[in-house]
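Undergrad: Okay, handing you the structure first.
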Amino acid sequence: MNQFPQTRVAFLGAGNIAGPYADSLKSHPELLLIGVFDLDEVRRATFARSTGCKEFASLDEMLDDAPDIVVNLTSAPFHFATTKELLERGQNVFSEKPLALSYTDARELEQLAAEREVRLACAPSLWLGAACSAATAAVQGGEIGVVRLITAEVNQGRIESWHPAPQSFYSVGPIVDVGVYPIAFLTALFGSVAQVTAVSTTALDTRVTIGGDSFSPRSPDSWIVIAEFVTGQVLRLSCNFYVDHATVPRTLDLHGDAGSLRIDDWILPGSAISIASYGRPFEPFVNGTDAPIDWCIGLAELAGAMREGRAHRAGARHAAHVVEILDAARESASSGSRVEVYSRVDASLAPAN
């Protein structure tokens with residue numbers, strides 16, 4: 001039995017990601033999905049029917065029902081405008097990533113939330129999960145010494161092979177869609193990035209949907225990003241919509257003076273973790289589990305912070321810093337030069353006790 005009243009949440013958007021969010025809500029009895037609004041009447045009706053929640057006919061109707069938090073699940077190009085309207089109307093918001101498609105817009109949302117004294121949190125928040133938490137504890141506990149180099153593989157495969165409408169993914173590109181996951185985790189662990197160098201290309205310029213329609217990516221589908229942290233660590237991020245993670249796993253390796261730590265799959269909360277002393281092969285450190293991805297972990301943390309009157313962890317300043325890193329990567333790839341990142345955030349992952 002819940003000790004506190006349930007936090008009432010409403011979904012803005014009933015697209016592909018809404019289903020996983022609804023599934024994850026089942027493991028959070030403290031959260032109650034009251035309803036959904038989507039401009040597509042058929043899509044919102046289908047989602048409402050499948051989840052047993054209310055179908056709102058308009059945004060006004062949804063907000064009239066006074067949700068505690070609106071979860072913005074619209075497509076990335078619409079995050080800024082929709083979140084801005086919600087904040088202006090005094091609404092607490094948890095947004096899917098990214099917070100916006102430019103740092104200028106992300107910073108505006110951060111400032112607006114502060115001015116209106118409402119909460120603004122943002123995905124990705126999977127770094128709050130078990131695997132990233134275990135890796136954090138190992139690093140902060142000195143298991144591999146001072147971390148200086150980091151490598152992350154973000155091989156997300158060809159989205160058109162499974163998604164019915166993949167064009168929006170290729171509009172924003174892989175660093176915006178999936179590169180943000182390790183970037184968000186590592187900035188939560190180590191704090192601010194100071195400089196970014198990047199190269200990009202389009203490996204496959206004609207894509208074919210599962211419905212047989214051809215299209216061309218509007219953004220590069222393959223990236224190599226070098227990010228230099230204020231605290232000295234250097235990240236090499238390989239990110240693409242070309243190679244599948246079944247072939248090249250989504251590993252994240254942290255290399256320190258005394259050895260290395262590997263998260264076998266950074267997106268999975270139950271990922272196994274391996275460790276190696278310097279000059280030695282990896283050995284098991286944390287056994288993997290089949291724990292499902294909890295898409296609502298950040299939403300639940302936000303709700304808990306609201307109940308307890310404390311700051312939430314996946315905050316707008318952190319999300320805006322991540323967006324500035326993405327901006328810097330695009331500018332670097334275009335200009336061929338190293339680009340400064342000017343915003344600063346504190347490492348939000350507390351040191352291990």
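We name chains A, B, ... following the order of the structure tokens; residues begin at 1 in each chain, and ligands are numbered from 1 as shown.
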Tell me which protein, DNA and RNA residues are within 12 Å of Ser216 (chain A), counting only C-alpha atoms, leaving out same-chain ones fewer than 4 positions away, and put them as a ChimeraX atom specification.

TA: /A:160,166-171,173,202-209,220-221

Undergrad: Generate a file of the selected residues that holds all heavy atoms, formatted as a short mmCIF file (atom, residue, chain, number, x, y, z; two decimals), in the first residue's frame.

TA:
data_model
loop_
_atom_site.label_atom_id
_atom_site.label_comp_id
_atom_site.auth_asym_id
_atom_site.auth_seq_id
_atom_site.Cartn_x
_atom_site.Cartn_y
_atom_site.Cartn_z
N GLU A 160 15.25 2.23 -39.49
CA GLU A 160 14.19 1.88 -40.43
C GLU A 160 13.89 0.39 -40.49
O GLU A 160 12.86 -0.03 -41.03
CB GLU A 160 14.54 2.40 -41.84
CG GLU A 160 15.71 1.67 -42.52
CD GLU A 160 17.07 2.20 -42.11
OE1 GLU A 160 17.16 2.95 -41.13
OE2 GLU A 160 18.05 1.84 -42.81
N PRO A 166 10.68 6.14 -39.27
CA PRO A 166 12.03 6.46 -38.79
C PRO A 166 12.56 7.83 -39.21
O PRO A 166 13.64 8.23 -38.76
CB PRO A 166 12.87 5.36 -39.43
CG PRO A 166 12.17 5.09 -40.74
CD PRO A 166 10.70 5.24 -40.44
N GLN A 167 11.85 8.54 -40.04
CA GLN A 167 12.40 9.76 -40.63
C GLN A 167 12.81 10.79 -39.57
O GLN A 167 13.83 11.49 -39.74
CB GLN A 167 11.40 10.38 -41.61
CG GLN A 167 11.20 9.59 -42.89
CD GLN A 167 10.13 8.52 -42.77
OE1 GLN A 167 9.72 8.14 -41.67
NE2 GLN A 167 9.65 8.01 -43.91
N SER A 168 12.04 10.91 -38.49
CA SER A 168 12.37 11.92 -37.48
C SER A 168 13.70 11.62 -36.80
O SER A 168 14.43 12.54 -36.40
CB SER A 168 11.26 12.02 -36.44
OG SER A 168 11.14 10.81 -35.70
N PHE A 169 14.06 10.34 -36.68
CA PHE A 169 15.34 9.98 -36.08
C PHE A 169 16.50 10.46 -36.97
O PHE A 169 17.51 10.95 -36.48
CB PHE A 169 15.45 8.46 -35.91
CG PHE A 169 14.51 7.88 -34.89
CD1 PHE A 169 13.21 7.52 -35.24
CD2 PHE A 169 14.91 7.69 -33.59
CE1 PHE A 169 12.34 6.98 -34.30
CE2 PHE A 169 14.06 7.16 -32.64
CZ PHE A 169 12.77 6.80 -33.00
N TYR A 170 16.32 10.32 -38.26
CA TYR A 170 17.35 10.74 -39.21
C TYR A 170 17.33 12.25 -39.45
O TYR A 170 18.24 12.78 -40.08
CB TYR A 170 17.18 9.98 -40.52
CG TYR A 170 17.55 8.53 -40.39
CD1 TYR A 170 16.57 7.57 -40.13
CD2 TYR A 170 18.87 8.10 -40.49
CE1 TYR A 170 16.90 6.23 -39.99
CE2 TYR A 170 19.22 6.77 -40.35
CZ TYR A 170 18.22 5.83 -40.10
OH TYR A 170 18.56 4.51 -39.95
N SER A 171 16.31 12.92 -38.95
CA SER A 171 16.28 14.37 -39.00
C SER A 171 17.21 14.96 -37.93
O SER A 171 17.95 15.91 -38.20
CB SER A 171 14.85 14.88 -38.79
OG SER A 171 14.82 16.28 -38.71
N GLY A 173 19.47 12.94 -36.04
CA GLY A 173 20.73 12.22 -36.07
C GLY A 173 21.02 11.42 -34.80
O GLY A 173 20.38 11.63 -33.76
N THR A 202 27.72 10.65 -43.58
CA THR A 202 26.54 9.83 -43.84
C THR A 202 27.01 8.55 -44.51
O THR A 202 27.47 8.56 -45.66
CB THR A 202 25.53 10.57 -44.74
OG1 THR A 202 25.09 11.76 -44.07
CG2 THR A 202 24.32 9.69 -45.04
N ALA A 203 26.95 7.45 -43.75
CA ALA A 203 27.45 6.18 -44.25
C ALA A 203 26.51 5.55 -45.27
O ALA A 203 26.95 4.87 -46.20
CB ALA A 203 27.68 5.21 -43.08
N LEU A 204 25.22 5.78 -45.09
CA LEU A 204 24.22 5.17 -45.98
C LEU A 204 23.21 6.25 -46.33
O LEU A 204 22.36 6.61 -45.50
CB LEU A 204 23.55 3.99 -45.27
CG LEU A 204 22.74 3.01 -46.12
CD1 LEU A 204 23.61 2.32 -47.17
CD2 LEU A 204 22.08 1.96 -45.22
N ASP A 205 23.27 6.77 -47.55
CA ASP A 205 22.48 7.96 -47.87
C ASP A 205 21.09 7.67 -48.41
O ASP A 205 20.31 8.60 -48.64
CB ASP A 205 23.23 8.88 -48.82
CG ASP A 205 23.58 8.21 -50.14
OD1 ASP A 205 23.11 7.08 -50.38
OD2 ASP A 205 24.33 8.82 -50.93
N THR A 206 20.75 6.39 -48.61
CA THR A 206 19.38 6.03 -48.97
C THR A 206 18.89 4.96 -48.02
O THR A 206 19.52 3.91 -47.87
CB THR A 206 19.29 5.52 -50.42
OG1 THR A 206 19.75 6.53 -51.32
CG2 THR A 206 17.86 5.14 -50.76
N ARG A 207 17.78 5.23 -47.37
CA ARG A 207 17.17 4.30 -46.42
C ARG A 207 15.80 3.88 -46.94
O ARG A 207 15.14 4.64 -47.66
CB ARG A 207 17.03 4.96 -45.05
CG ARG A 207 18.33 5.54 -44.49
CD ARG A 207 19.24 4.47 -43.94
NE ARG A 207 20.48 5.01 -43.39
CZ ARG A 207 21.11 4.49 -42.34
NH1 ARG A 207 20.62 3.43 -41.73
NH2 ARG A 207 22.25 5.02 -41.93
N VAL A 208 15.37 2.68 -46.56
CA VAL A 208 14.07 2.17 -47.00
C VAL A 208 13.29 1.72 -45.78
O VAL A 208 13.76 0.90 -44.99
CB VAL A 208 14.23 0.99 -47.99
CG1 VAL A 208 12.85 0.49 -48.43
CG2 VAL A 208 15.06 1.41 -49.19
N THR A 209 12.09 2.27 -45.60
CA THR A 209 11.25 1.93 -44.46
C THR A 209 10.69 0.52 -44.60
O THR A 209 10.74 -0.08 -45.69
CB THR A 209 10.08 2.91 -44.32
OG1 THR A 209 9.16 2.69 -45.42
CG2 THR A 209 10.55 4.35 -44.34
N PRO A 220 23.81 13.76 -40.58
CA PRO A 220 24.78 12.66 -40.70
C PRO A 220 24.38 11.48 -39.82
O PRO A 220 23.88 11.67 -38.71
CB PRO A 220 26.09 13.31 -40.21
CG PRO A 220 25.91 14.77 -40.48
CD PRO A 220 24.47 15.05 -40.24
N ASP A 221 24.60 10.28 -40.33
CA ASP A 221 24.20 9.09 -39.57
C ASP A 221 25.34 8.45 -38.78
O ASP A 221 25.13 7.46 -38.09
CB ASP A 221 23.53 8.06 -40.49
CG ASP A 221 24.47 7.51 -41.57
OD1 ASP A 221 25.69 7.68 -41.47
OD2 ASP A 221 23.95 6.89 -42.53
#

Undergrad: Among region 160-230 of chain A, which ones does DSSP place in strand (DSSP E), written as a PDB file with all heavy atoms, in the first residue's frame?

TA:
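Final output, saved to part_0.pdb:
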ATOM      1  N   VAL A 193      31.679  19.233 -19.452  1.00  0.00           N
ATOM      2  CA  VAL A 193      32.581  19.124 -20.600  1.00  0.00           C
ATOM      3  C   VAL A 193      33.035  20.531 -20.968  1.00  0.00           C
ATOM      4  O   VAL A 193      32.238  21.479 -20.963  1.00  0.00           O
ATOM      5  CB  VAL A 193      31.871  18.450 -21.789  1.00  0.00           C
ATOM      6  CG1 VAL A 193      32.628  18.655 -23.096  1.00  0.00           C
ATOM      7  CG2 VAL A 193      31.673  16.963 -21.505  1.00  0.00           C
ATOM      8  N   ALA A 194      34.333  20.674 -21.288  1.00  0.00           N
ATOM      9  CA  ALA A 194      34.904  21.987 -21.608  1.00  0.00           C
ATOM     10  C   ALA A 194      35.095  22.211 -23.101  1.00  0.00           C
ATOM     11  O   ALA A 194      34.937  23.332 -23.584  1.00  0.00           O
ATOM     12  CB  ALA A 194      36.247  22.163 -20.902  1.00  0.00           C
ATOM     13  N   GLN A 195      35.450  21.138 -23.833  1.00  0.00           N
ATOM     14  CA  GLN A 195      35.731  21.277 -25.260  1.00  0.00           C
ATOM     15  C   GLN A 195      35.277  20.022 -25.998  1.00  0.00           C
ATOM     16  O   GLN A 195      35.295  18.920 -25.443  1.00  0.00           O
ATOM     17  CB  GLN A 195      37.229  21.481 -25.500  1.00  0.00           C
ATOM     18  CG  GLN A 195      37.784  22.770 -24.917  1.00  0.00           C
ATOM     19  CD  GLN A 195      39.280  22.893 -25.130  1.00  0.00           C
ATOM     20  OE1 GLN A 195      40.020  21.926 -25.006  1.00  0.00           O
ATOM     21  NE2 GLN A 195      39.737  24.102 -25.440  1.00  0.00           N
ATOM     22  N   VAL A 196      34.898  20.218 -27.265  1.00  0.00           N
ATOM     23  CA  VAL A 196      34.420  19.112 -28.092  1.00  0.00           C
ATOM     24  C   VAL A 196      35.064  19.199 -29.474  1.00  0.00           C
ATOM     25  O   VAL A 196      35.171  20.279 -30.060  1.00  0.00           O
ATOM     26  CB  VAL A 196      32.886  19.146 -28.244  1.00  0.00           C
ATOM     27  CG1 VAL A 196      32.408  18.092 -29.244  1.00  0.00           C
ATOM     28  CG2 VAL A 196      32.210  18.936 -26.890  1.00  0.00           C
ATOM     29  N   THR A 197      35.495  18.042 -29.971  1.00  0.00           N
ATOM     30  CA  THR A 197      35.967  17.908 -31.350  1.00  0.00           C
ATOM     31  C   THR A 197      35.196  16.749 -31.979  1.00  0.00           C
ATOM     32  O   THR A 197      35.046  15.706 -31.351  1.00  0.00           O
ATOM     33  CB  THR A 197      37.478  17.607 -31.397  1.00  0.00           C
ATOM     34  OG1 THR A 197      38.177  18.568 -30.605  1.00  0.00           O
ATOM     35  CG2 THR A 197      37.989  17.641 -32.825  1.00  0.00           C
ATOM     36  N   ALA A 198      34.700  16.938 -33.196  1.00  0.00           N
ATOM     37  CA  ALA A 198      33.863  15.900 -33.800  1.00  0.00           C
ATOM     38  C   ALA A 198      34.031  15.851 -35.312  1.00  0.00           C
ATOM     39  O   ALA A 198      34.363  16.846 -35.949  1.00  0.00           O
ATOM     40  CB  ALA A 198      32.391  16.149 -33.459  1.00  0.00           C
ATOM     41  N   VAL A 199      33.796  14.657 -35.835  1.00  0.00           N
ATOM     42  CA  VAL A 199      33.677  14.464 -37.279  1.00  0.00           C
ATOM     43  C   VAL A 199      32.401  13.680 -37.531  1.00  0.00           C
ATOM     44  O   VAL A 199      31.964  12.886 -36.698  1.00  0.00           O
ATOM     45  CB  VAL A 199      34.890  13.727 -37.889  1.00  0.00           C
ATOM     46  CG1 VAL A 199      36.148  14.560 -37.780  1.00  0.00           C
ATOM     47  CG2 VAL A 199      35.091  12.361 -37.220  1.00  0.00           C
ATOM     48  N   SER A 200      31.786  13.904 -38.679  1.00  0.00           N
ATOM     49  CA  SER A 200      30.549  13.202 -39.009  1.00  0.00           C
ATOM     50  C   SER A 200      30.513  12.887 -40.496  1.00  0.00           C
ATOM     51  O   SER A 200      31.189  13.532 -41.305  1.00  0.00           O
ATOM     52  CB  SER A 200      29.329  14.042 -38.627  1.00  0.00           C
ATOM     53  OG  SER A 200      29.272  15.229 -39.404  1.00  0.00           O
ATOM     54  N   THR A 201      29.706  11.891 -40.829  1.00  0.00           N
ATOM     55  CA  THR A 201      29.518  11.521 -42.232  1.00  0.00           C
ATOM     56  C   THR A 201      28.180  10.811 -42.366  1.00  0.00           C
ATOM     57  O   THR A 201      27.569  10.418 -41.357  1.00  0.00           O
ATOM     58  CB  THR A 201      30.651  10.607 -42.726  1.00  0.00           C
ATOM     59  OG1 THR A 201      30.556  10.444 -44.142  1.00  0.00           O
ATOM     60  CG2 THR A 201      30.580   9.226 -42.076  1.00  0.00           C
ATOM     61  N   ARG A 207      17.783   5.228 -47.375  1.00  0.00           N
ATOM     62  CA  ARG A 207      17.171   4.304 -46.419  1.00  0.00           C
ATOM     63  C   ARG A 207      15.802   3.877 -46.942  1.00  0.00           C
ATOM     64  O   ARG A 207      15.136   4.636 -47.656  1.00  0.00           O
ATOM     65  CB  ARG A 207      17.031   4.958 -45.053  1.00  0.00           C
ATOM     66  CG  ARG A 207      18.333   5.544 -44.492  1.00  0.00           C
ATOM     67  CD  ARG A 207      19.236   4.472 -43.943  1.00  0.00           C
ATOM     68  NE  ARG A 207      20.482   5.014 -43.390  1.00  0.00           N
ATOM     69  CZ  ARG A 207      21.107   4.485 -42.343  1.00  0.00           C
ATOM     70  NH1 ARG A 207      20.616   3.428 -41.735  1.00  0.00           N
ATOM     71  NH2 ARG A 207      22.249   5.016 -41.925  1.00  0.00           N
ATOM     72  N   VAL A 208      15.367   2.679 -46.562  1.00  0.00           N
ATOM     73  CA  VAL A 208      14.072   2.169 -47.004  1.00  0.00           C
ATOM     74  C   VAL A 208      13.285   1.719 -45.782  1.00  0.00           C
ATOM     75  O   VAL A 208      13.757   0.905 -44.986  1.00  0.00           O
ATOM     76  CB  VAL A 208      14.231   0.988 -47.987  1.00  0.00           C
ATOM     77  CG1 VAL A 208      12.855   0.488 -48.432  1.00  0.00           C
ATOM     78  CG2 VAL A 208      15.057   1.408 -49.193  1.00  0.00           C
ATOM     79  N   SER A 214      11.458   4.958 -49.752  1.00  0.00           N
ATOM     80  CA  SER A 214      12.848   5.404 -49.659  1.00  0.00           C
ATOM     81  C   SER A 214      12.918   6.834 -49.131  1.00  0.00           C
ATOM     82  O   SER A 214      12.043   7.656 -49.414  1.00  0.00           O
ATOM     83  CB  SER A 214      13.517   5.349 -51.038  1.00  0.00           C
ATOM     84  OG  SER A 214      13.561   4.036 -51.526  1.00  0.00           O
ATOM     85  N   PHE A 215      13.967   7.134 -48.379  1.00  0.00           N
ATOM     86  CA  PHE A 215      14.201   8.495 -47.911  1.00  0.00           C
ATOM     87  C   PHE A 215      15.693   8.662 -47.652  1.00  0.00           C
ATOM     88  O   PHE A 215      16.443   7.685 -47.540  1.00  0.00           O
ATOM     89  CB  PHE A 215      13.394   8.803 -46.649  1.00  0.00           C
ATOM     90  CG  PHE A 215      13.844   8.054 -45.422  1.00  0.00           C
ATOM     91  CD1 PHE A 215      14.707   8.643 -44.493  1.00  0.00           C
ATOM     92  CD2 PHE A 215      13.415   6.752 -45.190  1.00  0.00           C
ATOM     93  CE1 PHE A 215      15.131   7.963 -43.371  1.00  0.00           C
ATOM     94  CE2 PHE A 215      13.822   6.057 -44.055  1.00  0.00           C
ATOM     95  CZ  PHE A 215      14.696   6.662 -43.146  1.00  0.00           C
ATOM     96  N   SER A 222      26.542   9.029 -38.849  1.00  0.00           N
ATOM     97  CA  SER A 222      27.704   8.446 -38.169  1.00  0.00           C
ATOM     98  C   SER A 222      28.598   9.561 -37.619  1.00  0.00           C
ATOM     99  O   SER A 222      28.920  10.514 -38.345  1.00  0.00           O
ATOM    100  CB  SER A 222      28.503   7.566 -39.139  1.00  0.00           C
ATOM    101  OG  SER A 222      27.679   6.553 -39.694  1.00  0.00           O
ATOM    102  N   TRP A 223      29.018   9.399 -36.351  1.00  0.00           N
ATOM    103  CA  TRP A 223      29.784  10.436 -35.663  1.00  0.00           C
ATOM    104  C   TRP A 223      30.915   9.835 -34.837  1.00  0.00           C
ATOM    105  O   TRP A 223      30.763   8.749 -34.268  1.00  0.00           O
ATOM    106  CB  TRP A 223      28.886  11.218 -34.701  1.00  0.00           C
ATOM    107  CG  TRP A 223      27.844  12.064 -35.362  1.00  0.00           C
ATOM    108  CD1 TRP A 223      26.674  11.638 -35.919  1.00  0.00           C
ATOM    109  CD2 TRP A 223      27.871  13.479 -35.514  1.00  0.00           C
ATOM    110  NE1 TRP A 223      25.975  12.702 -36.422  1.00  0.00           N
ATOM    111  CE2 TRP A 223      26.676  13.848 -36.184  1.00  0.00           C
ATOM    112  CE3 TRP A 223      28.778  14.467 -35.142  1.00  0.00           C
ATOM    113  CZ2 TRP A 223      26.386  15.168 -36.494  1.00  0.00           C
ATOM    114  CZ3 TRP A 223      28.492  15.784 -35.437  1.00  0.00           C
ATOM    115  CH2 TRP A 223      27.297  16.132 -36.116  1.00  0.00           C
ATOM    116  N   ILE A 224      32.021  10.552 -34.764  1.00  0.00           N
ATOM    117  CA  ILE A 224      33.055  10.324 -33.765  1.00  0.00           C
ATOM    118  C   ILE A 224      33.209  11.639 -33.002  1.00  0.00           C
ATOM    119  O   ILE A 224      33.464  12.686 -33.607  1.00  0.00           O
ATOM    120  CB  ILE A 224      34.412   9.930 -34.376  1.00  0.00           C
ATOM    121  CG1 ILE A 224      34.274   8.662 -35.231  1.00  0.00           C
ATOM    122  CG2 ILE A 224      35.457   9.734 -33.274  1.00  0.00           C
ATOM    123  CD1 ILE A 224      33.960   7.407 -34.441  1.00  0.00           C
ATOM    124  N   VAL A 225      33.023  11.583 -31.700  1.00  0.00           N
ATOM    125  CA  VAL A 225      33.057  12.790 -30.869  1.00  0.00           C
ATOM    126  C   VAL A 225      34.117  12.619 -29.784  1.00  0.00           C
ATOM    127  O   VAL A 225      34.157  11.595 -29.099  1.00  0.00           O
ATOM    128  CB  VAL A 225      31.680  13.051 -30.212  1.00  0.00           C
ATOM    129  CG1 VAL A 225      31.732  14.280 -29.315  1.00  0.00           C
ATOM    130  CG2 VAL A 225      30.597  13.206 -31.278  1.00  0.00           C
ATOM    131  N   ILE A 226      34.973  13.617 -29.644  1.00  0.00           N
ATOM    132  CA  ILE A 226      35.937  13.679 -28.548  1.00  0.00           C
ATOM    133  C   ILE A 226      35.492  14.798 -27.614  1.00  0.00           C
ATOM    134  O   ILE A 226      35.367  15.952 -28.036  1.00  0.00           O
ATOM    135  CB  ILE A 226      37.367  13.975 -29.044  1.00  0.00           C
ATOM    136  CG1 ILE A 226      37.782  12.964 -30.119  1.00  0.00           C
ATOM    137  CG2 ILE A 226      38.352  13.976 -27.883  1.00  0.00           C
ATOM    138  CD1 ILE A 226      37.861  11.537 -29.656  1.00  0.00           C
ATOM    139  N   ALA A 227      35.235  14.456 -26.358  1.00  0.00           N
ATOM    140  CA  ALA A 227      34.806  15.440 -25.365  1.00  0.00           C
ATOM    141  C   ALA A 227      35.835  15.496 -24.243  1.00  0.00           C
ATOM    142  O   ALA A 227      36.192  14.459 -23.670  1.00  0.00           O
ATOM    143  CB  ALA A 227      33.434  15.085 -24.806  1.00  0.00           C
ATOM    144  N   GLU A 228      36.294  16.705 -23.938  1.00  0.00           N
ATOM    145  CA  GLU A 228      37.282  16.919 -22.880  1.00  0.00           C
ATOM    146  C   GLU A 228      36.585  17.536 -21.673  1.00  0.00           C
ATOM    147  O   GLU A 228      35.967  18.599 -21.774  1.00  0.00           O
ATOM    148  CB  GLU A 228      38.396  17.841 -23.377  1.00  0.00           C
ATOM    149  CG  GLU A 228      39.119  17.300 -24.609  1.00  0.00           C
ATOM    150  CD  GLU A 228      40.047  18.324 -25.223  1.00  0.00           C
ATOM    151  OE1 GLU A 228      41.022  18.721 -24.548  1.00  0.00           O
ATOM    152  OE2 GLU A 228      39.779  18.747 -26.373  1.00  0.00           O
ATOM    153  N   PHE A 229      36.661  16.864 -20.538  1.00  0.00           N
ATOM    154  CA  PHE A 229      35.985  17.315 -19.328  1.00  0.00           C
ATOM    155  C   PHE A 229      36.827  18.357 -18.585  1.00  0.00           C
ATOM    156  O   PHE A 229      38.064  18.346 -18.664  1.00  0.00           O
ATOM    157  CB  PHE A 229      35.696  16.132 -18.407  1.00  0.00           C
ATOM    158  CG  PHE A 229      34.589  15.240 -18.894  1.00  0.00           C
ATOM    159  CD1 PHE A 229      34.804  14.331 -19.913  1.00  0.00           C
ATOM    160  CD2 PHE A 229      33.325  15.307 -18.329  1.00  0.00           C
ATOM    161  CE1 PHE A 229      33.789  13.503 -20.369  1.00  0.00           C
ATOM    162  CE2 PHE A 229      32.300  14.492 -18.776  1.00  0.00           C
ATOM    163  CZ  PHE A 229      32.531  13.590 -19.802  1.00  0.00           C
TER     164      PHE A 229
END

Undergrad: At most 6 Å is the cut-off: for each residue in region 237-342 of chain A with any atom that close to an atom of region 137-146 of chain A, write down the nearest atom pair and the distance in Å rounded to one decimal, counting only C-alpha atoms, chain first then increasing number, as JSON lines.

TA:
{"residue": "A:Gly256", "atom": "CA", "partner": "A:Val146", "partner_atom": "CA", "distance": 4.9}
{"residue": "A:Asp257", "atom": "CA", "partner": "A:Gly145", "partner_atom": "CA", "distance": 5.0}
{"residue": "A:Ala258", "atom": "CA", "partner": "A:Ile144", "partner_atom": "CA", "distance": 4.6}
{"residue": "A:Gly259", "atom": "CA", "partner": "A:Ile144", "partner_atom": "CA", "distance": 4.6}
{"residue": "A:Ser260", "atom": "CA", "partner": "A:Ile144", "partner_atom": "CA", "distance": 5.8}

Undergrad: Dump all heavy atoms for the selected residues as a tab-separated table (two decimals), in the first residue's frame?

TA:
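Produced file selection.tsv, reproduced below:
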chain	number	residue	atom	x	y	z
A	256	GLY	N	41.41	3.95	-15.90
A	256	GLY	CA	42.07	4.70	-14.85
A	256	GLY	C	43.51	4.27	-14.67
A	256	GLY	O	44.01	3.36	-15.34
A	257	ASP	N	44.20	4.91	-13.73
A	257	ASP	CA	45.61	4.63	-13.50
A	257	ASP	C	45.84	3.19	-13.05
A	257	ASP	O	46.88	2.60	-13.34
A	257	ASP	CB	46.17	5.58	-12.43
A	257	ASP	CG	46.23	7.02	-12.93
A	257	ASP	OD1	46.03	7.25	-14.14
A	257	ASP	OD2	46.47	7.91	-12.09
A	258	ALA	N	44.86	2.61	-12.35
A	258	ALA	CA	45.03	1.27	-11.80
A	258	ALA	C	44.35	0.19	-12.63
A	258	ALA	O	44.55	-1.01	-12.37
A	258	ALA	CB	44.50	1.21	-10.37
A	259	GLY	N	43.55	0.57	-13.63
A	259	GLY	CA	42.86	-0.44	-14.41
A	259	GLY	C	41.68	0.13	-15.17
A	259	GLY	O	41.56	1.36	-15.33
A	260	SER	N	40.79	-0.75	-15.59
A	260	SER	CA	39.67	-0.36	-16.44
A	260	SER	C	38.38	-1.01	-15.95
A	260	SER	O	38.39	-2.10	-15.39
A	260	SER	CB	39.92	-0.76	-17.89
A	260	SER	OG	41.07	-0.12	-18.41

Undergrad: In Å, rounded to a single decimal, give me how far CA of Leu302 (chain A) is from CA of Val286 (chain A).

TA: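 Value for the CA of Val286 (chain A)-CA of Leu302 (chain A) distance: 27.7 Å.
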
Undergrad: List as number ranges by chain the protein and nucleic acid residues near Val180 (chain A), meaning an atom at most 8 Å away when only C-alpha atoms are counted, but skip any in the same chain fewer than 5 places from it.

TA: A: 97-98, 124, 175, 322

Undergrad: Using only N, CA, C and O atoms, please write the residues we just selected to a file, as a PDB file, in the first residue's frame.

TA:
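Saved as result-v2.pdb:
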ATOM      1  N   LYS A  97      14.179  13.233 -24.113  1.00  0.00           N
ATOM      2  CA  LYS A  97      15.380  13.913 -24.609  1.00  0.00           C
ATOM      3  C   LYS A  97      15.280  14.168 -26.116  1.00  0.00           C
ATOM      4  O   LYS A  97      14.561  13.453 -26.817  1.00  0.00           O
ATOM      5  N   PRO A  98      16.009  15.228 -26.557  1.00  0.00           N
ATOM      6  CA  PRO A  98      16.723  16.224 -25.772  1.00  0.00           C
ATOM      7  C   PRO A  98      15.759  17.297 -25.278  1.00  0.00           C
ATOM      8  O   PRO A  98      14.630  17.405 -25.753  1.00  0.00           O
ATOM      9  N   PRO A 124      17.867  11.861 -21.027  1.00  0.00           N
ATOM     10  CA  PRO A 124      17.909  10.524 -20.469  1.00  0.00           C
ATOM     11  C   PRO A 124      18.271  10.515 -18.989  1.00  0.00           C
ATOM     12  O   PRO A 124      19.145  11.257 -18.552  1.00  0.00           O
ATOM     13  N   ILE A 175      23.589  11.324 -32.607  1.00  0.00           N
ATOM     14  CA  ILE A 175      24.125  11.889 -31.361  1.00  0.00           C
ATOM     15  C   ILE A 175      23.004  12.500 -30.520  1.00  0.00           C
ATOM     16  O   ILE A 175      23.039  12.448 -29.292  1.00  0.00           O
ATOM     17  N   VAL A 322      24.021  19.216 -21.673  1.00  0.00           N
ATOM     18  CA  VAL A 322      24.111  18.142 -22.660  1.00  0.00           C
ATOM     19  C   VAL A 322      23.785  18.674 -24.056  1.00  0.00           C
ATOM     20  O   VAL A 322      24.460  18.342 -25.044  1.00  0.00           O
TER      21      VAL A 322
END

Undergrad: Give me the residues within 8 Å of region 38-41 of chain A as a PyMOL selection string, counting only C-alpha atoms and dropping any in the same chain fewer than 5 places off.

TA: chain A and resi 12-14+58

Undergrad: Set the distance at 9 Å and use only C-alpha atoms: which residues neighbour region 81-86 of chain A once local chain neighbours fewer than 5 positions away are removed? I'd like the list as a PyMOL selection string.

TA: chain A and resi 12+63+70+72+74+91-95+99-100+108-109+112-113+120

Undergrad: Just list as a ChimeraX atom specification whatever in region 9-86 of chain A DSSP marks as helix (DSSP H, G or I).

TA: /A:18-25,41-51,59-64,76-86

Undergrad: Using only C-alpha atoms, which residues sit within 6 Å of Trp295 (chain A) once same-chain residues fewer than 2 positions away are excluded, as a ChimeraX atom specification?

TA: /A:21,24,293,297

Undergrad: Save the residues we just selected, N, CA and C atoms, as a compact mmCIF listing (two decimals), in the first residue's frame?

TA:
# COMPACT_ATOMS: atom_id res chain seq x y z
N TYR A 21 7.05 3.76 -21.94
CA TYR A 21 6.81 4.54 -20.73
C TYR A 21 5.63 3.97 -19.94
N SER A 24 6.65 0.81 -18.19
CA SER A 24 7.49 1.08 -17.02
C SER A 24 6.68 1.62 -15.85
N ILE A 293 14.50 -2.17 -18.98
CA ILE A 293 14.75 -0.73 -18.95
C ILE A 293 13.58 -0.03 -18.28
N ILE A 297 12.26 5.95 -14.69
CA ILE A 297 13.08 6.10 -13.49
C ILE A 297 13.30 7.57 -13.15

Undergrad: Near Ser192 (chain A), counting only C-alpha atoms, which residues have an atom at most 12 Å away, once you skip same-chain residues fewer than 3 positions from it, shown as a VMD selection string?

TA: chain A and resid 183 to 189 195 to 196 227 to 234 317 to 322 324 to 325 340 to 348
